[in-house]
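Notes follow the structure.
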Amino acid sequence: MKKANVESVSDINHISLGLQGYNYGNRYIQWAVEHFGGYTRTDAKVFSDDMKSKINTKVYGDPDYVSHVLRYYHIGNGNMVAVAKSQVGNVGGKIYWSWYGFDSRVSWCACFVSWVANESGDLNVTVPKFSLVEDGISWYKNKGRWRDKSYIPKYGDLIFFDWNNDNDPYHVGIVKKVEKGKVYTIEGNSKDECREKSYQLNSKSIFGYGTI
């Protein structure tokens, strides 16, 4: 963790680098930083393949070691936004959909939100475990905590989107803040990546909110 320059318990990017370095050996950490700027599942696979070729072996370490370990790692600080922010830049979402129980990739925005809630200790308290956006909306409506798009969201609320304005929402994110007429979010599966985004509060794409 020291060699990977881990700064805090929520510094998942550097923790991931350290974990893969533990699995592969310290040479990997320097190599990953020099060639890719840090850990990704892709560069872990490249390193493993390179080493297998160099030493003529069929197996070298475990390219999926990070996801195997992080499924048991829980930050548990009660702050969904902080946990979500620590995941920005994650590509592919395997940590989230595999944690949920899927064997292969699915649309993972809701899996991401559920995973974040689990890490922060909010799962099934203020956020349900859901993989389908419609199920999340139903949960909030049944709890009396659903608000339409006229609501001004708060830090940690969930934001649901209907891109086609056809009353068929299929994307969800976490509200980071509201400022100067915009809502700022952290979302999983935004072009297959965890991203920070922003929208006008009156955006037609916003369907409604699940409140904490």
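Following the order of the structure tokens, first chain is A, next is B, and so on, with residues numbered from 1 inside each chain and ligands from 1 in the order they appear.
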
Could you make a table, as JSON lines, of the residues of stretch 100-125 of chain A that have an atom within 9 Å of an atom of stretch 158-177 of chain A, each with its nearest atom pair and distance in Å to one decimal, counting only C-alpha atoms, in chain and number order?
{"residue": "A:Cys109", "atom": "CA", "partner": "A:Val172", "partner_atom": "CA", "distance": 6.0}
{"residue": "A:Ala110", "atom": "CA", "partner": "A:Val172", "partner_atom": "CA", "distance": 6.2}
{"residue": "A:Phe112", "atom": "CA", "partner": "A:Gly173", "partner_atom": "CA", "distance": 8.6}
{"residue": "A:Val113", "atom": "CA", "partner": "A:Gly173", "partner_atom": "CA", "distance": 6.8}

Original post:
Within 12 Å of stretch 117-129 of chain A, counting only C-alpha atoms, which residues qualify if same-chain residues fewer than 2 places away don't, as JSON, numbers by chain?
Top reply: {"A": [9, 10, 12, 70, 71, 72, 73, 74, 75, 76, 77, 78, 79, 80, 81, 82, 83, 84, 85, 86, 87, 96, 97, 99, 100, 101, 109, 110, 111, 112, 113, 114, 115, 131, 132, 133, 134, 135, 136, 137, 138, 139, 140, 141, 142, 143, 144, 145, 146, 156, 157, 158, 159, 173, 174, 209, 210, 211, 212]}

Export, as an mmCIF file, in the first residue's frame, the selected residues with C-alpha atoms.
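The resulting again-v3.cif:
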data_model
loop_
_atom_site.group_PDB
_atom_site.id
_atom_site.type_symbol
_atom_site.label_atom_id
_atom_site.label_comp_id
_atom_site.auth_asym_id
_atom_site.auth_seq_id
_atom_site.Cartn_x
_atom_site.Cartn_y
_atom_site.Cartn_z
ATOM 1 C CA VAL A 9 -9.242 3.836 3.001
ATOM 2 C CA SER A 10 -11.420 5.177 0.163
ATOM 3 C CA ILE A 12 -9.672 2.605 -4.332
ATOM 4 C CA LEU A 70 -12.433 -5.839 -3.205
ATOM 5 C CA ARG A 71 -15.687 -7.763 -3.071
ATOM 6 C CA TYR A 72 -14.844 -8.261 0.632
ATOM 7 C CA TYR A 73 -13.628 -4.706 1.262
ATOM 8 C CA HIS A 74 -16.165 -2.339 2.803
ATOM 9 C CA ILE A 75 -15.348 1.298 3.462
ATOM 10 C CA GLY A 76 -18.400 1.703 5.717
ATOM 11 C CA ASN A 77 -18.148 5.440 6.370
ATOM 12 C CA GLY A 78 -21.845 6.173 5.839
ATOM 13 C CA ASN A 79 -21.075 8.568 2.980
ATOM 14 C CA MET A 80 -22.290 7.314 -0.392
ATOM 15 C CA VAL A 81 -20.955 10.294 -2.317
ATOM 16 C CA ALA A 82 -17.439 9.821 -0.935
ATOM 17 C CA VAL A 83 -17.498 6.122 -1.818
ATOM 18 C CA ALA A 84 -18.877 6.841 -5.303
ATOM 19 C CA LYS A 85 -16.255 9.515 -5.934
ATOM 20 C CA SER A 86 -13.504 7.040 -5.071
ATOM 21 C CA GLN A 87 -14.679 4.908 -8.017
ATOM 22 C CA TYR A 96 -20.033 -3.995 -9.310
ATOM 23 C CA TRP A 97 -21.916 -6.475 -11.489
ATOM 24 C CA TRP A 99 -20.512 -8.332 -6.642
ATOM 25 C CA TYR A 100 -24.214 -8.230 -7.446
ATOM 26 C CA GLY A 101 -24.087 -11.851 -8.607
ATOM 27 C CA CYS A 109 -25.544 1.646 -13.365
ATOM 28 C CA ALA A 110 -27.915 0.262 -10.701
ATOM 29 C CA CYS A 111 -25.389 -2.399 -9.647
ATOM 30 C CA PHE A 112 -22.919 0.442 -9.099
ATOM 31 C CA VAL A 113 -25.361 2.396 -6.924
ATOM 32 C CA SER A 114 -26.156 -0.756 -4.922
ATOM 33 C CA TRP A 115 -22.451 -1.544 -4.456
ATOM 34 C CA SER A 131 -30.090 -4.074 -10.802
ATOM 35 C CA LEU A 132 -33.156 -2.868 -12.735
ATOM 36 C CA VAL A 133 -33.877 0.848 -12.644
ATOM 37 C CA GLU A 134 -37.627 0.209 -12.473
ATOM 38 C CA ASP A 135 -37.174 -1.854 -9.293
ATOM 39 C CA GLY A 136 -35.310 0.997 -7.620
ATOM 40 C CA ILE A 137 -38.060 3.458 -8.491
ATOM 41 C CA SER A 138 -40.736 1.070 -7.176
ATOM 42 C CA TRP A 139 -38.848 0.718 -3.881
ATOM 43 C CA TYR A 140 -38.743 4.482 -3.349
ATOM 44 C CA LYS A 141 -42.400 4.881 -4.307
ATOM 45 C CA ASN A 142 -43.429 2.136 -1.877
ATOM 46 C CA LYS A 143 -41.424 3.842 0.878
ATOM 47 C CA GLY A 144 -43.009 7.224 0.145
ATOM 48 C CA ARG A 145 -39.615 8.644 -0.738
ATOM 49 C CA TRP A 146 -40.061 9.203 -4.471
ATOM 50 C CA GLY A 156 -26.703 11.566 -1.639
ATOM 51 C CA ASP A 157 -30.137 11.320 -3.280
ATOM 52 C CA LEU A 158 -30.512 9.024 -6.273
ATOM 53 C CA ILE A 159 -31.299 10.570 -9.645
ATOM 54 C CA GLY A 173 -26.826 7.950 -10.553
ATOM 55 C CA ILE A 174 -25.981 9.582 -7.220
ATOM 56 C CA TYR A 209 -35.403 11.196 -7.523
ATOM 57 C CA GLY A 210 -35.165 8.638 -4.749
ATOM 58 C CA THR A 211 -34.598 10.569 -1.528
ATOM 59 C CA ILE A 212 -32.463 9.594 1.410
#

Subject >> In stretch 12-159 of chain A, DSSP strand (DSSP E) residues written as number ranges by chain >> reply: A: 146-148, 158-159

**OP:** List the neighbours of stretch 189-198 of chain A out to 6 Å using only C-alpha atoms; skip same-chain residues closer than 5 positions along the sequence, and give me the result as a list of chain:residue names.
**Re:** A:Val88, A:Gly89, A:Asn90, A:Val91, A:Gly92, A:Trp108, A:Cys109, A:Val183, A:Tyr184

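Minimum distance to A:Asn13 across A:Ser98, A:Thr185, A:Ser67, A:Ser53 (counting only C-alpha atoms) occurs at A:Ser67.
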
Original post:
Mind checking DSSP for stretch 54-123 of chain A and telling me the helix (DSSP H, G or I) residues as an MDAnalysis selection string?
Top reply: chainID A and resid 54:55 65:70 80:85 94:100 109:120

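You will find atom CA of A:Leu201 at 9.2 Å from atom CA of A:Pro153.
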